[in-house]
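Next up, my_file-v6.tsv (TSV, C-alpha atoms and all ligand atoms):
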```tsv
chain	number	residue	atom	x	y	z
A	517	MET	CA	88.79	118.78	32.14
A	518	ALA	CA	85.58	117.43	33.63
A	519	SER	CA	83.04	120.08	34.43
A	520	ASN	CA	79.34	120.58	34.84
A	521	LYS	CA	77.33	123.75	34.68
A	522	LYS	CA	77.53	124.65	38.36
A	523	VAL	CA	80.64	126.48	39.59
A	524	LEU	CA	82.83	124.48	41.94
A	525	THR	CA	84.81	126.50	44.52
A	526	LEU	CA	87.31	125.22	47.05
A	527	PHE	CA	87.78	127.16	50.31
A	528	TYR	CA	91.12	126.23	51.78
A	529	ASP	CA	94.36	127.18	53.44
A	530	PHE	CA	97.19	125.61	51.46
A	531	ARG	CA	99.07	124.87	54.68
A	532	SER	CA	96.23	122.84	56.18
A	533	TYR	CA	96.35	119.06	56.08
A	534	CYS	CA	92.66	118.51	55.34
A	535	SER	CA	92.65	121.30	52.76
A	536	GLN	CA	95.50	119.60	50.91
A	537	ARG	CA	93.44	116.42	50.86
A	538	ALA	CA	90.50	118.18	49.21
A	539	PHE	CA	92.79	120.07	46.82
A	540	LEU	CA	94.50	116.85	45.71
A	541	THR	CA	91.10	115.17	45.32
A	542	ILE	CA	89.93	117.87	42.91
A	543	GLU	CA	93.18	117.85	40.95
A	544	GLU	CA	93.19	114.05	40.67
A	545	LYS	CA	89.66	114.18	39.35
A	546	GLY	CA	90.71	116.82	36.82
A	547	LEU	CA	87.84	119.16	37.71
A	548	ALA	CA	87.61	122.82	36.76
A	549	PHE	CA	87.35	124.84	39.96
A	550	LYS	CA	87.88	128.19	41.61
A	551	LYS	CA	90.08	128.61	44.64
A	552	ARG	CA	89.37	130.83	47.60
A	553	MET	CA	92.24	130.88	50.03
A	554	LEU	CA	91.50	131.53	53.71
A	555	MET	CA	94.34	132.30	56.10
A	556	LEU	CA	93.61	130.39	59.29
A	557	ASP	CA	96.01	132.50	61.35
A	558	LEU	CA	94.12	135.63	60.30
A	559	LYS	CA	90.88	133.89	61.37
A	560	GLU	CA	89.37	134.39	57.93
A	561	ASN	CA	87.65	131.05	58.49
A	562	LEU	CA	85.69	132.63	61.33
A	563	GLU	CA	84.12	135.45	59.37
A	564	PRO	CA	80.30	135.23	59.19
A	565	TRP	CA	80.23	134.79	55.39
A	566	TYR	CA	82.35	131.64	55.72
A	567	LEU	CA	80.47	130.34	58.77
A	568	ASP	CA	77.39	130.42	56.59
A	569	ILE	CA	79.20	127.95	54.31
A	570	ASN	CA	80.69	125.84	57.11
A	571	ILE	CA	79.31	126.52	60.57
A	572	LYS	CA	82.28	124.73	62.15
A	573	GLY	CA	84.61	127.39	60.73
A	574	GLU	CA	87.00	124.75	59.43
A	575	VAL	CA	88.72	124.36	56.09
A	576	PRO	CA	88.27	122.81	53.63
A	577	ALA	CA	84.77	123.29	52.28
A	578	ILE	CA	83.46	123.42	48.75
A	579	THR	CA	80.51	125.11	47.19
A	580	HIS	CA	78.98	123.61	44.08
A	581	GLY	CA	76.38	125.97	42.74
A	582	ASP	CA	74.21	126.74	45.77
A	583	HIS	CA	75.21	123.61	47.63
A	584	SER	CA	78.01	123.59	50.21
A	585	VAL	CA	79.94	120.59	51.51
A	586	PRO	CA	82.33	120.77	54.48
A	587	ASP	CA	84.94	118.14	55.42
A	588	SER	CA	87.58	116.58	53.17
A	589	ASN	CA	86.07	113.11	53.55
A	590	GLN	CA	82.60	114.21	52.53
A	591	ILE	CA	84.00	116.35	49.72
A	592	LEU	CA	85.69	113.35	48.12
A	593	ASP	CA	82.53	111.23	48.27
A	594	TYR	CA	80.39	114.10	47.00
A	595	LEU	CA	82.65	114.79	44.01
A	596	ASP	CA	82.81	111.11	43.09
A	597	LYS	CA	79.02	111.10	42.99
A	598	GLU	CA	78.56	114.43	41.20
A	599	PHE	CA	81.25	113.91	38.57
A	600	PRO	CA	80.89	110.26	37.55
A	601	GLU	CA	82.76	110.87	34.29
A	602	SER	CA	85.95	111.91	36.14
A	603	PRO	CA	88.29	109.28	37.65
A	604	ARG	CA	86.52	107.66	40.57
A	605	LEU	CA	88.64	107.69	43.74
A	606	GLN	CA	86.44	105.62	46.05
A	607	PRO	CA	85.57	102.39	44.21
A	608	ASP	CA	82.17	100.80	44.82
A	609	GLU	CA	82.14	99.71	48.45
A	610	THR	CA	80.46	96.41	47.75
A	611	THR	CA	83.71	95.30	46.06
A	612	THR	CA	86.83	94.08	47.87
A	613	ILE	CA	88.90	96.99	46.58
A	614	GLY	CA	86.19	99.49	47.57
A	615	LYS	CA	86.13	98.11	51.11
A	616	LYS	CA	89.90	98.21	51.31
A	617	VAL	CA	90.06	101.83	50.16
A	618	ARG	CA	87.49	102.83	52.77
A	619	GLN	CA	89.36	100.93	55.48
A	620	TRP	CA	92.63	102.74	54.70
A	621	ARG	CA	90.84	106.09	54.55
A	622	ASN	CA	89.47	105.43	58.04
A	623	GLN	CA	92.79	104.24	59.41
A	624	ILE	CA	94.74	107.23	58.10
A	625	GLY	CA	91.89	109.57	59.06
A	626	ASP	CA	91.99	108.29	62.65
A	627	LEU	CA	95.56	109.47	63.20
A	628	LYS	CA	95.71	112.41	65.60
A	629	ILE	CA	97.45	114.56	63.05
A	630	ASP	CA	96.96	117.80	65.00
A	631	ILE	CA	98.78	116.37	68.05
A	632	ILE	CA	101.45	114.82	65.81
A	633	SER	CA	101.91	118.11	63.91
A	634	PHE	CA	101.95	120.64	66.72
A	635	GLY	CA	103.56	118.13	69.10
A	636	SER	CA	106.46	117.54	66.71
A	637	ILE	CA	106.96	121.28	66.48
A	638	ARG	CA	106.70	121.78	70.25
A	639	HIS	CA	109.29	119.03	70.91
A	640	ARG	CA	111.19	119.55	67.66
A	641	ASN	CA	114.67	119.24	69.16
A	642	GLU	CA	113.91	115.77	70.43
A	643	LEU	CA	111.69	114.47	67.63
A	644	THR	CA	112.40	116.05	64.27
A	645	ARG	CA	115.14	116.61	61.70
A	646	ASN	CA	115.24	119.36	59.09
A	647	ALA	CA	111.69	120.49	59.67
A	648	LEU	CA	110.20	123.40	57.75
A	649	ILE	CA	108.19	125.05	60.47
A	650	PRO	CA	105.89	127.99	59.80
A	651	ALA	CA	106.27	130.93	62.16
A	652	ALA	CA	102.69	130.91	63.43
A	653	SER	CA	102.94	127.24	64.34
A	654	LEU	CA	105.94	128.12	66.47
A	655	ARG	CA	103.94	130.90	68.09
A	656	PHE	CA	101.10	128.48	68.73
A	657	VAL	CA	103.25	125.91	70.50
A	658	GLU	CA	105.50	128.31	72.35
A	659	GLY	CA	102.87	129.26	74.82
A	660	PRO	CA	100.06	131.74	74.89
A	661	ALA	CA	100.44	135.44	74.41
A	662	LYS	CA	99.05	137.58	77.24
A	663	ASN	CA	95.51	136.68	76.38
A	664	PRO	CA	95.37	133.75	73.92
A	665	ASN	CA	91.60	134.19	73.61
A	666	ALA	CA	91.67	137.87	72.71
A	667	GLU	CA	90.95	137.39	69.01
A	668	TYR	CA	88.02	135.07	69.69
A	669	GLU	CA	86.63	137.46	72.30
A	670	SER	CA	86.70	140.38	69.91
A	671	LEU	CA	84.98	138.24	67.25
A	672	MET	CA	82.28	137.43	69.81
A	673	LEU	CA	81.67	141.13	70.37
A	674	LYS	CA	81.64	141.86	66.67
A	675	TYR	CA	79.48	138.91	65.63
A	676	PRO	CA	77.42	137.80	68.68
A	677	LYS	CA	75.30	135.54	66.49
A	678	TYR	CA	78.29	133.17	66.22
A	679	LYS	CA	79.35	133.32	69.89
A	680	GLU	CA	78.98	129.58	70.32
A	681	VAL	CA	81.33	128.85	67.41
A	682	TYR	CA	84.03	131.08	68.92
A	683	GLU	CA	83.59	129.52	72.38
A	684	LYS	CA	84.10	126.08	70.85
A	685	LYS	CA	87.32	127.28	69.21
A	686	ILE	CA	88.67	128.55	72.54
A	687	HIS	CA	87.96	125.17	74.07
A	688	LYS	CA	89.39	123.26	71.09
A	689	TYR	CA	92.69	125.15	71.11
A	690	ARG	CA	93.11	125.11	74.88
A	691	SER	CA	92.67	121.36	74.92
A	692	LEU	CA	95.05	120.92	71.94
A	693	GLN	CA	97.70	123.05	73.68
A	694	GLU	CA	97.56	120.77	76.72
A	695	LYS	CA	97.95	117.63	74.64
A	696	VAL	CA	100.76	119.10	72.58
A	697	ASN	CA	102.68	120.08	75.72
A	698	ASP	CA	102.52	116.52	76.99
A	699	TYR	CA	105.65	114.90	75.53
A	700	ASP	CA	104.53	111.35	76.37
A	701	GLN	CA	101.24	111.81	74.58
A	702	VAL	CA	102.95	113.17	71.48
A	703	VAL	CA	105.39	110.24	71.45
A	704	SER	CA	102.51	107.84	71.84
A	705	GLU	CA	100.70	109.33	68.81
A	706	ILE	CA	103.92	109.12	66.80
A	707	LYS	CA	104.19	105.43	67.78
A	708	THR	CA	100.69	104.90	66.41
A	709	LEU	CA	101.84	106.61	63.24
A	710	ASP	CA	104.91	104.33	63.06
A	711	ALA	CA	102.73	101.25	63.44
A	712	LEU	CA	100.56	102.49	60.59
A	713	LEU	CA	103.62	103.12	58.42
A	714	ASP	CA	104.73	99.52	59.09
A	715	GLU	CA	101.34	98.34	57.89
A	716	THR	CA	101.57	100.48	54.76
A	717	GLU	CA	104.98	99.04	53.91
A	718	LYS	CA	103.41	95.57	54.12
A	719	GLN	CA	100.50	96.68	51.95
A	720	LEU	CA	102.89	98.05	49.35
A	721	GLN	CA	104.72	94.72	49.35
A	722	GLU	CA	101.43	92.92	48.74
A	723	THR	CA	100.43	95.36	45.99
A	724	LYS	CA	103.82	94.99	44.35
A	725	SER	CA	103.66	91.21	44.30
A	726	GLN	CA	100.17	91.31	42.79
A	727	SER	CA	101.12	93.84	40.09
A	728	GLY	CA	103.13	92.69	37.11
A	729	SER	CA	106.88	93.09	37.60
A	730	GLY	CA	108.21	96.49	36.58
A	731	GLU	CA	104.71	97.93	36.26
A	732	GLU	CA	103.95	101.14	38.06
A	733	HIS	CA	101.64	100.64	40.99
A	734	TRP	CA	100.05	102.84	43.60
A	735	PHE	CA	98.92	101.97	47.08
A	736	LEU	CA	96.42	99.24	46.27
A	737	GLY	CA	97.04	98.55	42.59
A	738	HIS	CA	97.43	100.22	39.22
A	739	THR	CA	94.81	102.87	39.93
A	740	PHE	CA	95.32	105.92	42.13
A	741	THR	CA	92.47	105.80	44.67
A	742	ALA	CA	91.21	107.75	47.67
A	743	ALA	CA	93.60	105.68	49.81
A	744	ASP	CA	96.46	107.23	47.80
A	745	VAL	CA	95.02	110.71	48.31
A	746	TYR	CA	94.99	110.22	52.08
A	747	PHE	CA	98.38	108.60	52.13
A	748	ALA	CA	100.04	111.19	49.88
A	749	ILE	CA	98.92	114.02	52.14
A	750	LEU	CA	100.18	112.18	55.22
A	751	LEU	CA	103.63	111.65	53.67
A	752	ASN	CA	103.75	115.26	52.57
A	753	ARG	CA	103.02	116.37	56.13
A	754	LEU	CA	105.81	114.17	57.50
A	755	LYS	CA	108.25	115.94	55.23
A	756	TYR	CA	107.37	119.39	56.56
A	757	LEU	CA	107.38	118.19	60.15
A	758	GLY	CA	110.86	116.73	59.79
A	759	LEU	CA	109.60	113.18	60.43
A	760	VAL	CA	110.48	111.74	57.05
A	761	HIS	CA	113.36	109.80	58.60
A	762	HIS	CA	110.62	107.45	59.85
A	763	LEU	CA	110.54	106.13	56.25
A	764	TYR	CA	114.05	106.44	54.92
A	765	GLY	CA	116.33	103.50	55.61
A	766	SER	CA	113.70	101.21	57.06
A	767	LYS	CA	110.84	101.31	54.53
A	768	PRO	CA	112.16	101.05	50.97
A	769	LEU	CA	108.79	100.61	49.27
A	770	LEU	CA	107.29	103.53	51.11
A	771	THR	CA	110.31	105.68	50.29
A	772	ALA	CA	110.04	104.78	46.60
A	773	TYR	CA	106.29	105.44	46.66
A	774	TYR	CA	106.85	108.84	48.24
A	775	GLU	CA	109.36	109.72	45.54
A	776	ARG	CA	107.02	108.47	42.80
A	777	LEU	CA	104.33	110.82	44.06
A	778	HIS	CA	106.50	113.72	42.94
A	779	GLN	CA	105.95	112.65	39.34
A	780	ARG	CA	102.20	113.19	39.64
A	781	GLU	CA	101.04	116.52	38.38
A	782	ALA	CA	98.06	116.67	40.72
A	783	PHE	CA	100.33	116.14	43.74
A	784	LEU	CA	102.76	118.80	42.58
A	785	LYS	CA	99.94	121.27	41.96
A	786	SER	CA	98.16	120.75	45.27
A	787	CYS	CA	101.04	120.14	47.66
A	788	VAL	CA	104.39	121.19	46.29
A	789	ASN	CA	103.97	124.15	43.94
A	790	GLN	CA	102.06	126.37	46.30
A	791	PRO	CA	102.99	130.05	46.57
A	792	ASN	CA	105.94	130.34	48.93
A	793	ALA	CA	104.91	127.18	50.70
A	794	PHE	CA	107.42	126.59	53.46
A	795	THR	CA	110.47	127.71	51.56
A	796	SER	CA	112.38	128.57	54.70
A	797	LYS	CA	112.35	127.61	58.34
A	798	THR	CA	110.60	130.75	59.41
A	799	ASN	CA	108.14	131.76	56.74
A	800	GLY	CA	104.50	130.88	56.51
A	801	THR	CA	102.02	131.03	59.30
A	802	ASN	CA	99.71	128.35	60.51
A	803	LEU	CA	100.22	124.64	60.00
A	804	GLY	CA	96.63	123.54	60.51
B	901	LIG	N1	87.22	116.56	59.51
B	901	LIG	C1	87.56	117.79	58.85
B	901	LIG	C2	88.55	118.54	59.72
B	901	LIG	C3	88.81	119.95	59.25
B	901	LIG	C4	89.81	120.68	60.13
B	901	LIG	O1	90.03	120.33	61.30
B	901	LIG	N2	90.42	121.72	59.57
B	901	LIG	C5	91.41	122.47	60.27
B	901	LIG	C6	92.63	122.66	59.38
B	901	LIG	S1	93.38	121.09	58.93
B	901	LIG	C7	90.87	123.88	60.57
B	901	LIG	O2	90.10	124.43	59.82
B	901	LIG	N3	91.32	124.48	61.69
B	901	LIG	C8	90.96	125.81	62.03
B	901	LIG	C9	89.95	125.92	63.12
B	901	LIG	O3	89.39	124.90	63.57
B	901	LIG	O4	89.70	127.06	63.55
B	901	LIG	C10	88.10	117.51	57.44
B	901	LIG	O5	88.56	116.37	57.18
B	901	LIG	O6	88.03	118.38	56.57
```
Could you write out this structure as structure tokens?
Amino acid sequence: MASNKKVLTLFYDFRSYCSQRAFLTIEEKGLAFKKRMLMLDLKENLEPWYLDINIKGEVPAITHGDHSVPDSNQILDYLDKEFPESPRLQPDETTTIGKKVRQWRNQIGDLKIDIISFGSIRHRNELTRNALIPAASLRFVEGPAKNPNAEYESLMLKYPKYKEVYEKKIHKYRSLQEKVNDYDQVVSEIKTLDALLDETEKQLQETKSQSGSGEEHWFLGHTFTAADVYFAILLNRLKYLGLVHHLYGSKPLLTAYYERLHQREAFLKSCVNQPNAFTSKTNGTNLG
């Protein structure tokens, strides 16, 4: 296992999309690390000690010795640089493959996954099949409690220094609620997702024809890259949302790729074998 002297710690919520990306990154690189789970629905990400690590109050973040890095995208690039002896996920960007990996990372990263996620839950009867929906996500989409801002307001009173952070969260979640309630907007984001899945099927066809017949290949070739990390987490999210039928039947290479992912230990560790992760339709809390 690759390591260096400084302790690497991942701050995450295992149900969060971006956290899963960082988790898979670390596992794929085979790094020794500590985990610190933060429950988003309990607002642990908004406690002052964590805001001092990531002032946006978002997961994931890592600390490496005294240094902290927020954001799954930045985390991947940082770890590639800091641990050059571990498998590199983003190839050199002056090469064709490096450019391609970055392009796919951007394309997948541009999806409005929060609207797709909460929107699919909000309109689940129309849009999804066999979803595994956490209870808090249902609470989030099924309309505000008496005062949806109450928790943020009490945090403001308790920790006035971070008032601005809490105000931004109120705004962020109000605006997300509005988008999620708008069926047409949700459908439009899912159409963008479908178009991207069509492109990925084509990419897999190209990769397959360039790889030797019968040889295992990943998204862009024989090596598992950052594009695979992004793509794996997207496919995993579709499963929990009940949107996996967007692959089955119409996208054989994508379906086979998705099934192949389940043979990767790093994927199983970071996405599948999490404690009580979505084992029923009502457990769990927040799908971030
Ligand atoms: N660009 C960031 C986005 C991080 C993000 O939005 N995290 C969500 C969970 S997926 C979060 O922490 N939400 C809780 C909040 O904003 O209060 C990344 O890629 O890491």
Q: Residues within 10 Å of ligand LIG 901 (chain B) should be enumerated using all atoms listed in the file and returned as a PyMOL selection string.
A: chain A and resi 528-538+554-557+559-562+570+572-577+585-592+625+629-630+681-682+684-686+688-689+802-804
Which residues come within 8 Å of Thr741 of chain A, counting all atoms listed in the file, excluding same-chain residues fewer than 5 positions away, as an mmCIF file with C-alpha atoms, in the coordinates of the input?
```
data_model
loop_
_atom_site.group_PDB
_atom_site.id
_atom_site.type_symbol
_atom_site.label_atom_id
_atom_site.label_comp_id
_atom_site.auth_asym_id
_atom_site.auth_seq_id
_atom_site.Cartn_x
_atom_site.Cartn_y
_atom_site.Cartn_z
ATOM 1 C CA ARG A 604 86.520 107.660 40.570
ATOM 2 C CA LEU A 605 88.640 107.690 43.740
ATOM 3 C CA GLN A 606 86.440 105.620 46.050
ATOM 4 C CA PRO A 607 85.570 102.390 44.210
ATOM 5 C CA VAL A 617 90.060 101.830 50.160
ATOM 6 C CA PHE A 735 98.920 101.970 47.080
ATOM 7 C CA LEU A 736 96.420 99.240 46.270
#
```
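Comparing the minimum interatomic distances between Lys521 of chain A and each of A:Glu694, A:Glu563, A:Asp582, A:Glu680, counting all atoms listed in the file, we find that A:Asp582 sits nearest.
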Q.
So that I can check the surroundings of segment 619-623 of chain A, please list as JSON, numbers by chain every protein, DNA and RNA residue that reaches within 8 Å of it, counting all atoms listed in the file and ignoring chain neighbours fewer than 3 positions away.
A. {"A": [615, 616, 626, 627, 742, 743, 746]}
Q) Suppose you want the space between atom CA of Ala748 of chain A and atom CA of Leu777 of chain A; what is it in Å? A)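 Value for the atom CA of Ala748 of chain A-atom CA of Leu777 of chain A distance: 7.2 Å.
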**Q.** Pick from A:Asn665, A:Gln701, A:Ser670, A:Ser727, whichever lies nearest to His687 of chain A using all atoms listed in the file
**A.**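 Closest residue, counting all atoms listed in the file: A:Asn665.
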Starting from the incomplete input, reconstruct N, CA and C atoms of segment 724-760 of chain A and report them as a JSON list (two decimals), in the frame of the given file.
```
[["chain", "number", "residue", "atom", "x", "y", "z"],
["A", 724, "LYS", "N", 102.73, 95.21, 45.32],
["A", 724, "LYS", "CA", 103.82, 94.99, 44.35],
["A", 724, "LYS", "C", 103.80, 93.55, 43.84],
["A", 725, "SER", "N", 103.62, 92.60, 44.76],
["A", 725, "SER", "CA", 103.66, 91.21, 44.30],
["A", 725, "SER", "C", 102.44, 90.85, 43.45],
["A", 726, "GLN", "N", 101.34, 91.59, 43.64],
["A", 726, "GLN", "CA", 100.17, 91.31, 42.79],
["A", 726, "GLN", "C", 100.22, 92.01, 41.43],
["A", 727, "SER", "N", 101.01, 93.12, 41.37],
["A", 727, "SER", "CA", 101.12, 93.84, 40.09],
["A", 727, "SER", "C", 102.20, 93.14, 39.26],
["A", 728, "GLY", "N", 102.10, 93.29, 37.97],
["A", 728, "GLY", "CA", 103.13, 92.69, 37.11],
["A", 728, "GLY", "C", 104.49, 93.31, 37.41],
["A", 729, "SER", "N", 105.57, 92.56, 37.25],
["A", 729, "SER", "CA", 106.88, 93.09, 37.60],
["A", 729, "SER", "C", 107.23, 94.28, 36.70],
["A", 730, "GLY", "N", 107.79, 95.30, 37.32],
["A", 730, "GLY", "CA", 108.21, 96.49, 36.58],
["A", 730, "GLY", "C", 107.07, 97.44, 36.27],
["A", 731, "GLU", "N", 105.84, 97.02, 36.54],
["A", 731, "GLU", "CA", 104.71, 97.93, 36.26],
["A", 731, "GLU", "C", 104.52, 98.90, 37.39],
["A", 732, "GLU", "N", 104.16, 100.13, 37.03],
["A", 732, "GLU", "CA", 103.95, 101.14, 38.06],
["A", 732, "GLU", "C", 102.71, 100.76, 38.88],
["A", 733, "HIS", "N", 102.83, 100.89, 40.17],
["A", 733, "HIS", "CA", 101.64, 100.64, 40.99],
["A", 733, "HIS", "C", 101.53, 101.72, 42.06],
["A", 734, "TRP", "N", 100.29, 101.88, 42.51],
["A", 734, "TRP", "CA", 100.05, 102.84, 43.60],
["A", 734, "TRP", "C", 99.78, 102.05, 44.86],
["A", 735, "PHE", "N", 99.00, 102.60, 45.77],
["A", 735, "PHE", "CA", 98.92, 101.97, 47.08],
["A", 735, "PHE", "C", 98.25, 100.60, 47.03],
["A", 736, "LEU", "N", 97.17, 100.51, 46.26],
["A", 736, "LEU", "CA", 96.42, 99.24, 46.27],
["A", 736, "LEU", "C", 96.35, 98.60, 44.88],
["A", 737, "GLY", "N", 97.07, 99.14, 43.94],
["A", 737, "GLY", "CA", 97.04, 98.55, 42.59],
["A", 737, "GLY", "C", 97.47, 99.57, 41.54],
["A", 738, "HIS", "N", 97.00, 99.34, 40.31],
["A", 738, "HIS", "CA", 97.43, 100.22, 39.22],
["A", 738, "HIS", "C", 96.74, 101.58, 39.25],
["A", 739, "THR", "N", 95.60, 101.64, 39.94],
["A", 739, "THR", "CA", 94.81, 102.87, 39.93],
["A", 739, "THR", "C", 95.09, 103.69, 41.19],
["A", 740, "PHE", "N", 95.15, 104.99, 41.00],
["A", 740, "PHE", "CA", 95.32, 105.92, 42.13],
["A", 740, "PHE", "C", 93.94, 106.12, 42.76],
["A", 741, "THR", "N", 93.79, 105.75, 44.02],
["A", 741, "THR", "CA", 92.47, 105.80, 44.67],
["A", 741, "THR", "C", 92.47, 106.82, 45.83],
["A", 742, "ALA", "N", 91.32, 106.88, 46.50],
["A", 742, "ALA", "CA", 91.21, 107.75, 47.67],
["A", 742, "ALA", "C", 92.24, 107.37, 48.75],
["A", 743, "ALA", "N", 92.59, 106.09, 48.83],
["A", 743, "ALA", "CA", 93.60, 105.68, 49.81],
["A", 743, "ALA", "C", 94.92, 106.38, 49.49],
["A", 744, "ASP", "N", 95.23, 106.52, 48.20],
["A", 744, "ASP", "CA", 96.46, 107.23, 47.80],
["A", 744, "ASP", "C", 96.37, 108.72, 48.16],
["A", 745, "VAL", "N", 95.18, 109.29, 47.97],
["A", 745, "VAL", "CA", 95.02, 110.71, 48.31],
["A", 745, "VAL", "C", 95.36, 110.91, 49.79],
["A", 746, "TYR", "N", 94.78, 110.08, 50.64],
["A", 746, "TYR", "CA", 94.99, 110.22, 52.08],
["A", 746, "TYR", "C", 96.46, 110.00, 52.44],
["A", 747, "PHE", "N", 97.03, 109.00, 51.82],
["A", 747, "PHE", "CA", 98.38, 108.60, 52.13],
["A", 747, "PHE", "C", 99.39, 109.65, 51.64],
["A", 748, "ALA", "N", 99.14, 110.18, 50.45],
["A", 748, "ALA", "CA", 100.04, 111.19, 49.88],
["A", 748, "ALA", "C", 100.11, 112.42, 50.79],
["A", 749, "ILE", "N", 98.95, 112.82, 51.30],
["A", 749, "ILE", "CA", 98.92, 114.02, 52.14],
["A", 749, "ILE", "C", 99.62, 113.75, 53.48],
["A", 750, "LEU", "N", 99.48, 112.54, 53.97],
["A", 750, "LEU", "CA", 100.18, 112.18, 55.22],
["A", 750, "LEU", "C", 101.70, 112.26, 55.00],
["A", 751, "LEU", "N", 102.18, 111.66, 53.92],
["A", 751, "LEU", "CA", 103.63, 111.65, 53.67],
["A", 751, "LEU", "C", 104.15, 113.07, 53.47],
["A", 752, "ASN", "N", 103.35, 113.88, 52.79],
["A", 752, "ASN", "CA", 103.75, 115.26, 52.57],
["A", 752, "ASN", "C", 103.87, 116.00, 53.91],
["A", 753, "ARG", "N", 102.96, 115.73, 54.81],
["A", 753, "ARG", "CA", 103.02, 116.37, 56.13],
["A", 753, "ARG", "C", 104.28, 115.94, 56.90],
["A", 754, "LEU", "N", 104.63, 114.66, 56.78],
["A", 754, "LEU", "CA", 105.81, 114.17, 57.50],
["A", 754, "LEU", "C", 107.06, 114.90, 57.04],
["A", 755, "LYS", "N", 107.10, 115.21, 55.75],
["A", 755, "LYS", "CA", 108.25, 115.94, 55.23],
["A", 755, "LYS", "C", 108.39, 117.29, 55.93],
["A", 756, "TYR", "N", 107.28, 118.05, 55.98],
["A", 756, "TYR", "CA", 107.37, 119.39, 56.56],
["A", 756, "TYR", "C", 107.63, 119.36, 58.06],
["A", 757, "LEU", "N", 107.16, 118.29, 58.70],
["A", 757, "LEU", "CA", 107.38, 118.19, 60.15],
["A", 757, "LEU", "C", 108.80, 117.76, 60.49],
["A", 758, "GLY", "N", 109.53, 117.26, 59.49],
["A", 758, "GLY", "CA", 110.86, 116.73, 59.79],
["A", 758, "GLY", "C", 110.78, 115.33, 60.37],
["A", 759, "LEU", "N", 109.77, 114.56, 59.94],
["A", 759, "LEU", "CA", 109.60, 113.18, 60.43],
["A", 759, "LEU", "C", 109.83, 112.16, 59.33],
["A", 760, "VAL", "N", 110.37, 112.63, 58.21],
["A", 760, "VAL", "CA", 110.48, 111.74, 57.05],
["A", 760, "VAL", "C", 111.53, 110.64, 57.29]]
```
